[in-house]
Each structure stands twice: as structure tokens, then as C-alpha cells.
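Worksheet: one structure, shown below.
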Amino acid sequence: MSARPLALTLALSVSGVVALGAGCGDDRAAEAGAPPPAADADSDAPPDLPPVEDPIAAVPDCGALAERARHGDADLLLMPALCPGLPLDRGQLKTILVAEPSPAAIAAMIPTLDPHPELQGLARLAILDRASQPLPAELPDPATAQLTPIDDRVLAAVALAYAQLAATPEHGPAQGVDENQRTRAAAFLARVHLQALQSLGLPPGRPLPPFARLLAARVLDHGRAFCRFYWQRRVAGLERVFAEIELALLELSLDLDDTPHAGDSALLAVERQQTREYLERSGPTQRIAERARRRPEARGLDTALLLPMSQEVDRLFDQGFVAKAIDRAIEVGGASGGPGLDAVVALLTEDLRARELREYERALSRAAERARRRLPQSRREGSGELPPELPVEWLDAGTVAVDARAWLAIAHAHGPDFARRHALGRAFVLLRDRPDAVRELLDRGPEDPVITGERALLFALLDAADVDSLVALRLRVLHGHPAGSSSADADTRARRSYALATREALLHPR
């Protein structure tokens, strides 16, 4: 299997990964002897239990996996692929659903969720499933409607709201829609996705799981559009919805700041930035501060809690928005009271070189020169300092890489059996949203036999997030040369191969 088809398989679910190690395993016998998972309460509230140790060790069969799954979500996520015969209760199905990043995999889960209509409704909303009833004559009132649990009535209203947003005066099922109706449609879509997200019962201030990020992208998209529509054209009855949505945009942005961003969809990557820039305007900042003073549940909320500019720029670089990162840093650096243009240019130059993005240094120089011509000397030098980076809730790349390599070592040591497929699945769960950790592993080079043996999986994960960069190309060239060839001639051959590959890919510095 080539890297690109494999990457497409990985994007769907863990099933493609565990299939890599399929062979003469003892799955059927293991399933027959496996104890059923412990019955769980239907409560959505996470139990207040001490953390359970998650040992990195070979798992021989479904019985051992079911036992581990009682104490750890990462093992539970592998059960549908490795042990499809084992029953799963509502709490376990919810955990698996919340960890699914792919609409295709979510769609495949829908028949499994038949006994749990509230979970099935969330899954259907995530994939924008077609309702089994016709569109309603008008939308429910966004200010008062209870929109969860999600059922065919709500899905039909969602379809009508999208039709109203897309309609023109001459075309579409909702032709002749006026601007007030469009504003209500945006408010409705923002609230239905916000209520769906809240119904997951996730703790605040923690990284959002993949399914929640899918819903969060739409909350940001429709919520920001509604706030913009409402501010331009006040619609009677939506005042409290406007206040609720604006606060929700900030709360969600703070949760996303604590969430790894490499796995963001295109919509979420764009909306993270657009929403941040909206919230940092003087109007939203002042309104949110005023509401926070009046409402006990919002006390302490402030746009100043968002990650500082240096971490914002890191995210934009990671997501490929290099030109946007340059423009944004120059804008913040040259603002009144900012750290100054010279400080942010130095920061950007260091970041570009560290990320092997030197081809953008000319673009940075041109942007900085344009800014110097229009800014006074005081703005160029700045009156403030670059704020220190804030701690985040996810593990650093080195820690993730160490754990992933330990699981890959187990997979490498086992033949095509259950333990290998389980270990590959655990490594995939760790690495699928962390291309930085994948690069850490591949940087070890062909001297590491574990990395060499499992590099097909690692390159597939890297290609899914980073197929066009010089870093990815350098790693491919590095692993294209056999281990142990550290002589000057071998180094020269590797450098020549890299230079030719960059020229062929049109990735040489401009």
C-alpha cells in the first residue's frame, strides 16, 4: 500500500491502522472467551476518579483489551475495530463517538447507535444527515426553542436554516428570504450546534476531543456570522441570544487554545483565527467584560485570557497560514503599546528558520519594510514587551513521541497478531493529531530499527498533515539512505538527493 492511499485510510478511523498488522491472530477465540464490558450508568457526567495507570505492554487478546478498556479510553477506542463482537454500553459508545474525527467514520457508527437516539441525533447532526420529514414552514424561534435532543424535527429545521442562508431572491427552496430571516437562520444554527456541544457534558478548560471540535467549528462559523449580522441589523427578540453567543465564542476559543491544533479541519483552522480577531476588537471586548461583571457564571471571562501572539503565530505556522502569521504579527507588534515591529520581525525570522521555512524570509522582509515606511519610530521600537508563552493542557511533542515509540516497539517485536495490531492502534491514537511528534520520531533516522520498521505508518501520518513542506521532504530523503552510512560520501549523497528533490518539488527557497 502506498503512502497516499494509506493516509486516506488513516483519515477514516483506526480500522485501517489495525488492519496493517492483520494476519494469523486469534481474534475469534479471544472474543468468545472475553468477559463483557462492565455495565455503566447512563450518566454523562465524568466520574470523579483518580487517574488510572495505563501501562505500555503487549495485549494478547480481546479479554485483556476489554479489561484495560474499563480503565482507559484509548483502549476502548480500539475495541470496535479489534473486537467487533463485544457489546458496548451507552457510556462506551459515547466515548467512542466523541473521539471520532471523521464524518465518514461517524456515519458508519449511526446504525450502532439505534438503541441510543440522543447519541444518534448528535452523530446525524455532525454529518448533516437528511431528515425523514419535510422542511418546516418556518424556523423555531432561536431565542426560546429547546433544540436537544436532536431528532428529525430539529434536522429538518437545520436543513431549512442552511437553505435560507444559501438562498437568493430567484433560486432555492427558500427563495425570497430577507436579511432578518438570514440573521435568524444564523442564530438558529449557532444555537443548535452550541446546545449539541454542551450536551456532551465535557469539562471546561480541557482539550476538546475530535467530535467536539467538529461541532465547535460550526459554532464559531455560524456564531460569528450571527454576531456580525445582528450588529449590522438588530432583530427583535435576539438580544439575549447575541449576548449568549458572544460569550460562548470566547469560552470556546479558550477551550480550543488548550486543544492541539494540528488535527483541525479547514473550517476550524480558519474560524479559530477569524473568531479570535473578532473577539479582540474593542466592541466585543468591552461587551464581554461588561457581561462578565454582571453575571456570576461568566465572572473572570476576558479576551486577555487568550494565548499570546507568539503562540498564535506558532499555530498559524503549523497550519500553513504563513503569510497570515506574518501580517498578524506585524499588526500586533506595530500597534500602540505593542512590543514593536523590530521585536516581532526577530521572532518571526527565528521561527521561520527553526521550521525550515526560510523561503518566506523575503516575504517577511518586504512586509516589514512596508510597515516601517508607515509606522513612526516609537511604533517600530515598541513600548511593551513580548508576553511570555502560557502553559497549555496537552503534552509536548517529545513526551508523545516517547510513548508512541514504546507502542511501536511492541508492534515491531510481534508478528501479525492481535498484540501488534493493538500496539499500532495505540500509536495511531497518540500520533494522529500530532505531526510534531511524528517528525520527532522520524528525525531519529534509519539508525533506529523500530522507526525504520514502522515508517510506512509514520509517513502516512505525516503526509496526512504535512505533505508539501521541506521538513517532510528532508525526512523522506533521510530515510531513503540505509542505516550506518555515516561517511562523508554518504552524507554528500544525502545532501545531493535532498537538493535534487527540493528542486523537483519546486520547494527550493525563493
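Each chain of the C-alpha cells is named A, B, ... in the order shown, its residues numbered from 1; ligands are numbered from 1 in display order.
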List as a list in words the protein and nucleic acid residues near Leu249 of chain A, meaning an atom at most 8 Å away when only C-alpha atoms are counted, but skip any in the same chain fewer than 2 places from it.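 Counting only the stated atoms, we get Val219, Leu220, Gly223, Arg224, Ile245, Glu246, Leu247, Glu251, Leu252, Ser253, Thr275 and Leu279 of chain A.
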Would you mind exporting the chosen residues as an mmCIF file, in the first residue's frame, restricted to N, CA and C atoms?
data_model
loop_
_atom_site.group_PDB
_atom_site.id
_atom_site.type_symbol
_atom_site.label_atom_id
_atom_site.label_comp_id
_atom_site.auth_asym_id
_atom_site.auth_seq_id
_atom_site.Cartn_x
_atom_site.Cartn_y
_atom_site.Cartn_z
ATOM 1 N N VAL A 219 -20.037 26.073 15.453
ATOM 2 C CA VAL A 219 -20.458 27.105 16.411
ATOM 3 C C VAL A 219 -19.721 28.409 16.118
ATOM 4 N N LEU A 220 -18.414 28.326 15.908
ATOM 5 C CA LEU A 220 -17.642 29.531 15.605
ATOM 6 C C LEU A 220 -18.091 30.154 14.292
ATOM 7 N N GLY A 223 -21.858 31.257 14.722
ATOM 8 C CA GLY A 223 -21.951 32.232 15.803
ATOM 9 C C GLY A 223 -21.336 33.564 15.424
ATOM 10 N N ARG A 224 -20.171 33.539 14.816
ATOM 11 C CA ARG A 224 -19.532 34.793 14.397
ATOM 12 C C ARG A 224 -20.352 35.477 13.306
ATOM 13 N N ILE A 245 -24.261 34.067 22.619
ATOM 14 C CA ILE A 245 -23.357 33.559 21.592
ATOM 15 C C ILE A 245 -21.995 34.225 21.700
ATOM 16 N N GLU A 246 -21.963 35.527 21.973
ATOM 17 C CA GLU A 246 -20.669 36.212 22.063
ATOM 18 C C GLU A 246 -19.843 35.656 23.219
ATOM 19 N N LEU A 247 -20.484 35.407 24.362
ATOM 20 C CA LEU A 247 -19.766 34.776 25.471
ATOM 21 C C LEU A 247 -19.313 33.367 25.104
ATOM 22 N N GLU A 251 -15.620 31.513 25.347
ATOM 23 C CA GLU A 251 -15.415 30.279 26.115
ATOM 24 C C GLU A 251 -14.875 29.171 25.222
ATOM 25 N N LEU A 252 -15.430 29.056 24.036
ATOM 26 C CA LEU A 252 -14.994 28.016 23.113
ATOM 27 C C LEU A 252 -13.581 28.290 22.612
ATOM 28 N N SER A 253 -13.260 29.545 22.366
ATOM 29 C CA SER A 253 -11.902 29.888 21.925
ATOM 30 C C SER A 253 -10.878 29.556 23.004
ATOM 31 N N THR A 275 -12.422 34.133 14.556
ATOM 32 C CA THR A 275 -13.138 34.409 15.809
ATOM 33 C C THR A 275 -12.245 35.149 16.796
ATOM 34 N N LEU A 279 -13.106 38.718 18.473
ATOM 35 C CA LEU A 279 -13.207 38.927 19.916
ATOM 36 C C LEU A 279 -12.261 40.007 20.414
#
Which residues are close to Asp433 of chain A, i.e. within 10 Å by only C-alpha atoms, leaving aside same-chain residues fewer than 3 positions away? Reply as a PyMOL selection string. chain A and resi 101+210+260-264+428-430+436-438+461-462+464-465
Would you write out those residues with N, CA and C atoms, as a short mmCIF file (atom, residue, chain, number, x, y, z; two decimals), in the first residue's frame?
data_model
loop_
_atom_site.label_atom_id
_atom_site.label_comp_id
_atom_site.auth_asym_id
_atom_site.auth_seq_id
_atom_site.Cartn_x
_atom_site.Cartn_y
_atom_site.Cartn_z
N PRO A 101 -12.91 11.68 14.60
CA PRO A 101 -12.69 12.94 13.89
C PRO A 101 -13.30 12.99 12.50
N PRO A 210 -12.03 15.08 19.25
CA PRO A 210 -12.26 15.35 17.82
C PRO A 210 -13.70 15.65 17.44
N PRO A 260 -4.80 20.65 21.03
CA PRO A 260 -3.84 20.58 19.92
C PRO A 260 -4.49 20.99 18.60
N HIS A 261 -3.80 21.82 17.84
CA HIS A 261 -4.42 22.40 16.65
C HIS A 261 -4.05 21.69 15.35
N ALA A 262 -3.10 20.75 15.40
CA ALA A 262 -2.66 20.12 14.15
C ALA A 262 -3.76 19.29 13.50
N GLY A 263 -4.70 18.79 14.29
CA GLY A 263 -5.78 17.99 13.72
C GLY A 263 -7.00 18.79 13.31
N ASP A 264 -6.90 20.12 13.30
CA ASP A 264 -8.06 20.95 12.95
C ASP A 264 -8.49 20.72 11.51
N PHE A 428 -1.26 4.99 16.79
CA PHE A 428 -2.04 5.86 15.90
C PHE A 428 -2.87 6.86 16.70
N VAL A 429 -3.52 6.39 17.77
CA VAL A 429 -4.34 7.29 18.59
C VAL A 429 -3.48 8.42 19.17
N LEU A 430 -2.25 8.10 19.55
CA LEU A 430 -1.36 9.13 20.08
C LEU A 430 -0.92 10.13 19.02
N ASP A 436 3.90 16.99 14.93
CA ASP A 436 5.16 17.39 15.55
C ASP A 436 5.84 16.19 16.21
N ALA A 437 5.06 15.31 16.85
CA ALA A 437 5.63 14.11 17.45
C ALA A 437 6.07 13.11 16.38
N VAL A 438 5.33 13.04 15.27
CA VAL A 438 5.73 12.16 14.16
C VAL A 438 7.09 12.61 13.62
N LEU A 461 1.00 9.10 8.42
CA LEU A 461 0.50 10.11 9.35
C LEU A 461 1.06 11.50 9.02
N LEU A 462 2.33 11.55 8.65
CA LEU A 462 2.93 12.84 8.30
C LEU A 462 2.31 13.40 7.03
N ALA A 464 -0.62 12.95 5.91
CA ALA A 464 -2.00 13.41 6.13
C ALA A 464 -2.04 14.86 6.62
N ALA A 465 -0.94 15.33 7.24
CA ALA A 465 -0.93 16.69 7.79
C ALA A 465 0.09 17.59 7.12
#
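Interatomic distance, atom CA of Glu447 of chain A to atom CA of Leu357 of chain A: 26.4 Å.
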From the DSSP assignment of the backbone, select every residue of segment 265-314 of chain A that is helix (DSSP H, G or I), and format the answer as JSON, numbers by chain. {"A": [266, 267, 268, 269, 270, 271, 272, 273, 274, 275, 276, 277, 278, 279, 282, 283, 284, 285, 286, 287, 288, 289, 290, 291, 292, 293, 294, 296, 297, 298, 303, 304, 305, 309, 310, 311, 312, 313, 314]}
Between segment 127-187 of chain A and segment 110-116 of chain A, at 12 Å or less, what are the per-residue closest atom pairs and their distances in Å? Count only C-alpha atoms, order by chain and rising residue number, and return it as a tab-separated table.
residue	atom	partner	partner_atom	distance
A:Ile127	CA	A:Ile110	CA	10.1
A:Asp129	CA	A:Ile110	CA	10.2
A:Pro149	CA	A:His116	CA	10.9
A:Ile150	CA	A:His116	CA	11.6
A:Asp151	CA	A:His116	CA	11.7
If you keep C-alpha atoms, can you produce a file of those selected residues as a PDB file, in the first residue's frame?
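Below is the file that was written, result30.pdb:
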ATOM      1  CA  ILE A 127     -22.765  14.642   9.303  1.00  0.00           C
ATOM      2  CA  ASP A 129     -27.935  13.830   7.823  1.00  0.00           C
ATOM      3  CA  PRO A 149     -32.035  16.024  21.865  1.00  0.00           C
ATOM      4  CA  ILE A 150     -31.503  16.122  18.107  1.00  0.00           C
ATOM      5  CA  ASP A 151     -34.286  14.394  16.173  1.00  0.00           C
TER       6      ASP A 151
END
A:Val313, A:Leu478, A:Ala243, A:Ile451 ranked by distance to Arg295 of chain A, top pick (using only C-alpha atoms):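 Under the stated criterion, the closest residue is A:Ala243.
Non-sequential neighbours of segment 136-148 of chain A (distance at most 7 Å, separation of 3 or more positions within a chain, only C-alpha atoms) are Val154, Ala156, Ala157, Arg184, Ala187, Phe188, Arg191, Val192, Gln195, Ala196, Gly237, Leu238 and Val241 of chain A.
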Saved selection, atoms kept: N, CA and C atoms, as a PDB file, in the first residue's frame:
ATOM      1  N   VAL A 154     -35.619  18.561  14.455  1.00  0.00           N
ATOM      2  CA  VAL A 154     -34.514  19.520  14.505  1.00  0.00           C
ATOM      3  C   VAL A 154     -33.693  19.463  13.222  1.00  0.00           C
ATOM      4  N   ALA A 156     -34.671  18.679  10.241  1.00  0.00           N
ATOM      5  CA  ALA A 156     -35.407  19.354   9.165  1.00  0.00           C
ATOM      6  C   ALA A 156     -35.270  20.868   9.297  1.00  0.00           C
ATOM      7  N   ALA A 157     -35.317  21.376  10.528  1.00  0.00           N
ATOM      8  CA  ALA A 157     -35.138  22.815  10.734  1.00  0.00           C
ATOM      9  C   ALA A 157     -33.717  23.252  10.381  1.00  0.00           C
ATOM     10  N   ARG A 184     -31.794  35.268  11.640  1.00  0.00           N
ATOM     11  CA  ARG A 184     -32.404  34.241  12.493  1.00  0.00           C
ATOM     12  C   ARG A 184     -31.863  32.849  12.150  1.00  0.00           C
ATOM     13  N   ALA A 187     -28.500  32.513  13.727  1.00  0.00           N
ATOM     14  CA  ALA A 187     -28.668  32.341  15.174  1.00  0.00           C
ATOM     15  C   ALA A 187     -29.130  30.926  15.502  1.00  0.00           C
ATOM     16  N   PHE A 188     -30.064  30.407  14.709  1.00  0.00           N
ATOM     17  CA  PHE A 188     -30.571  29.056  14.950  1.00  0.00           C
ATOM     18  C   PHE A 188     -29.449  28.029  14.812  1.00  0.00           C
ATOM     19  N   ARG A 191     -27.024  28.187  17.733  1.00  0.00           N
ATOM     20  CA  ARG A 191     -27.569  27.650  18.985  1.00  0.00           C
ATOM     21  C   ARG A 191     -27.731  26.138  18.941  1.00  0.00           C
ATOM     22  N   VAL A 192     -28.145  25.583  17.807  1.00  0.00           N
ATOM     23  CA  VAL A 192     -28.344  24.138  17.764  1.00  0.00           C
ATOM     24  C   VAL A 192     -27.004  23.417  17.903  1.00  0.00           C
ATOM     25  N   GLN A 195     -25.844  23.937  21.631  1.00  0.00           N
ATOM     26  CA  GLN A 195     -26.543  23.045  22.558  1.00  0.00           C
ATOM     27  C   GLN A 195     -26.092  21.600  22.378  1.00  0.00           C
ATOM     28  N   ALA A 196     -25.830  21.182  21.142  1.00  0.00           N
ATOM     29  CA  ALA A 196     -25.322  19.825  20.910  1.00  0.00           C
ATOM     30  C   ALA A 196     -23.963  19.652  21.577  1.00  0.00           C
ATOM     31  N   GLY A 237     -36.025  40.425  19.548  1.00  0.00           N
ATOM     32  CA  GLY A 237     -36.118  39.133  20.212  1.00  0.00           C
ATOM     33  C   GLY A 237     -34.817  38.360  20.289  1.00  0.00           C
ATOM     34  N   LEU A 238     -33.737  38.851  19.666  1.00  0.00           N
ATOM     35  CA  LEU A 238     -32.478  38.102  19.648  1.00  0.00           C
ATOM     36  C   LEU A 238     -31.396  38.748  20.514  1.00  0.00           C
ATOM     37  N   VAL A 241     -29.850  36.176  22.826  1.00  0.00           N
ATOM     38  CA  VAL A 241     -29.099  35.196  22.034  1.00  0.00           C
ATOM     39  C   VAL A 241     -27.750  35.785  21.634  1.00  0.00           C
TER      40      VAL A 241
END
Skip Ala212 of chain A itself and residues of its chain fewer than 5 positions away, then list as an MDAnalysis selection string all residues within 10 Å of it, counting only C-alpha atoms. chainID A and resid 97:101 126 193 196:198 200 202 207 217
So which residues touch Gly340 of chain A within 7 Å, counting only C-alpha atoms, skipping near sequence neighbours fewer than 6 positions away, as a PDB file with N, CA and C atoms, in the first residue's frame?
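out_36.pdb was written with the following content:
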ATOM      1  N   GLY A 333       2.567  43.760  16.587  1.00  0.00           N
ATOM      2  CA  GLY A 333       3.810  44.389  17.020  1.00  0.00           C
ATOM      3  C   GLY A 333       3.822  45.885  16.814  1.00  0.00           C
ATOM      4  N   GLY A 334       3.196  46.351  15.714  1.00  0.00           N
ATOM      5  CA  GLY A 334       3.198  47.772  15.424  1.00  0.00           C
ATOM      6  C   GLY A 334       2.052  48.543  16.030  1.00  0.00           C
ATOM      7  N   ARG A 379       6.569  53.285  17.239  1.00  0.00           N
ATOM      8  CA  ARG A 379       5.883  52.010  16.988  1.00  0.00           C
ATOM      9  C   ARG A 379       6.880  50.951  16.516  1.00  0.00           C
ATOM     10  N   ARG A 380       7.904  51.387  15.793  1.00  0.00           N
ATOM     11  CA  ARG A 380       8.894  50.406  15.333  1.00  0.00           C
ATOM     12  C   ARG A 380       9.674  49.830  16.509  1.00  0.00           C
ATOM     13  N   GLU A 381       9.986  50.685  17.474  1.00  0.00           N
ATOM     14  CA  GLU A 381      10.750  50.219  18.633  1.00  0.00           C
ATOM     15  C   GLU A 381       9.849  49.588  19.690  1.00  0.00           C
ATOM     16  N   GLY A 382       8.598  50.073  19.795  1.00  0.00           N
ATOM     17  CA  GLY A 382       7.649  49.494  20.736  1.00  0.00           C
ATOM     18  C   GLY A 382       7.820  50.006  22.148  1.00  0.00           C
ATOM     19  N   SER A 383       6.723  49.968  22.880  1.00  0.00           N
ATOM     20  CA  SER A 383       6.751  50.392  24.282  1.00  0.00           C
ATOM     21  C   SER A 383       6.449  49.240  25.236  1.00  0.00           C
TER      22      SER A 383
END
As an exercise, work out the distance from atom CA of Ala104 of chain A to atom CA of Leu65 of chain A in Å and give it to one decimal place. 25.3 Å
Please determine, counting only C-alpha atoms, which residue among A:Leu424, A:Leu250, A:Glu277, A:Leu386 has the shortest atom-to-atom distance to Gly300 of chain A.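 Using only C-alpha atoms, the shortest distance to Gly300 of chain A belongs to A:Leu250.
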Determine, counting only C-alpha atoms, which protein, DNA and RNA residues have an atom within 12 Å of an atom of Val344 of chain A; residues of the same chain fewer than 6 positions away are not included. Present the result as an MDAnalysis selection string. chainID A and resid 309:310 313 325:335 338 350:351 364:365 367:368 371 379:382 384:387
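Of note, atom CA of Ala69 of chain A and atom CA of Arg432 of chain A are spaced 19.8 Å apart.
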Option closest in space to Asp466 of chain A, from A:Arg439, A:Arg372, A:Arg353, A:Lys324 [counting only C-alpha atoms]: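 Once distances to Asp466 of chain A are computed over only C-alpha atoms, the minimum belongs to A:Arg439.
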Test item: residues at most 12 Å from Ala413 of chain A, only C-alpha atoms, excluding those fewer than 6 positions along its chain, as a CSV table (one decimal) with N, CA and C atoms, in the first residue's frame:
chain,number,residue,atom,x,y,z
A,21,GLY,N,-1.6,-4.7,10.7
A,21,GLY,CA,-1.0,-5.9,11.3
A,21,GLY,C,-1.8,-7.1,11.3
A,57,ALA,N,2.2,-2.1,27.4
A,57,ALA,CA,2.5,-3.6,27.4
A,57,ALA,C,1.7,-4.3,26.3
A,58,ALA,N,2.2,-5.4,25.9
A,58,ALA,CA,1.5,-6.2,24.8
A,58,ALA,C,0.2,-6.7,25.4
A,406,ALA,N,7.4,3.6,22.2
A,406,ALA,CA,7.2,2.4,23.1
A,406,ALA,C,6.2,1.4,22.5
A,407,TRP,N,5.0,2.0,22.0
A,407,TRP,CA,4.0,1.2,21.4
A,407,TRP,C,4.5,0.6,20.1
A,419,ALA,N,-1.6,-8.6,19.4
A,419,ALA,CA,-0.8,-7.6,20.1
A,419,ALA,C,-0.2,-6.6,19.2
A,420,ARG,N,0.2,-7.0,18.0
A,420,ARG,CA,0.8,-6.0,17.0
A,420,ARG,C,-0.3,-5.0,16.6
A,421,ARG,N,-1.4,-5.5,16.3
A,421,ARG,CA,-2.5,-4.6,15.8
A,421,ARG,C,-2.9,-3.6,16.9
A,423,ALA,N,-1.0,-2.6,19.4
A,423,ALA,CA,0.0,-1.6,19.6
A,423,ALA,C,0.1,-0.5,18.5
A,424,LEU,N,-0.2,-1.0,17.2
A,424,LEU,CA,-0.2,0.0,16.1
A,424,LEU,C,-1.4,1.0,16.4
A,449,PRO,N,15.9,0.9,14.5
A,449,PRO,CA,15.2,-0.2,13.7
A,449,PRO,C,13.7,-0.2,13.9
A,450,VAL,N,13.2,0.3,15.1
A,450,VAL,CA,11.8,0.4,15.3
A,450,VAL,C,11.2,1.4,14.3
A,453,GLY,N,11.3,0.1,10.8
A,453,GLY,CA,10.3,-1.0,10.5
A,453,GLY,C,8.9,-0.5,10.4
A,454,GLU,N,8.5,0.6,11.1
A,454,GLU,CA,7.2,1.1,11.1
A,454,GLU,C,7.0,2.5,10.4
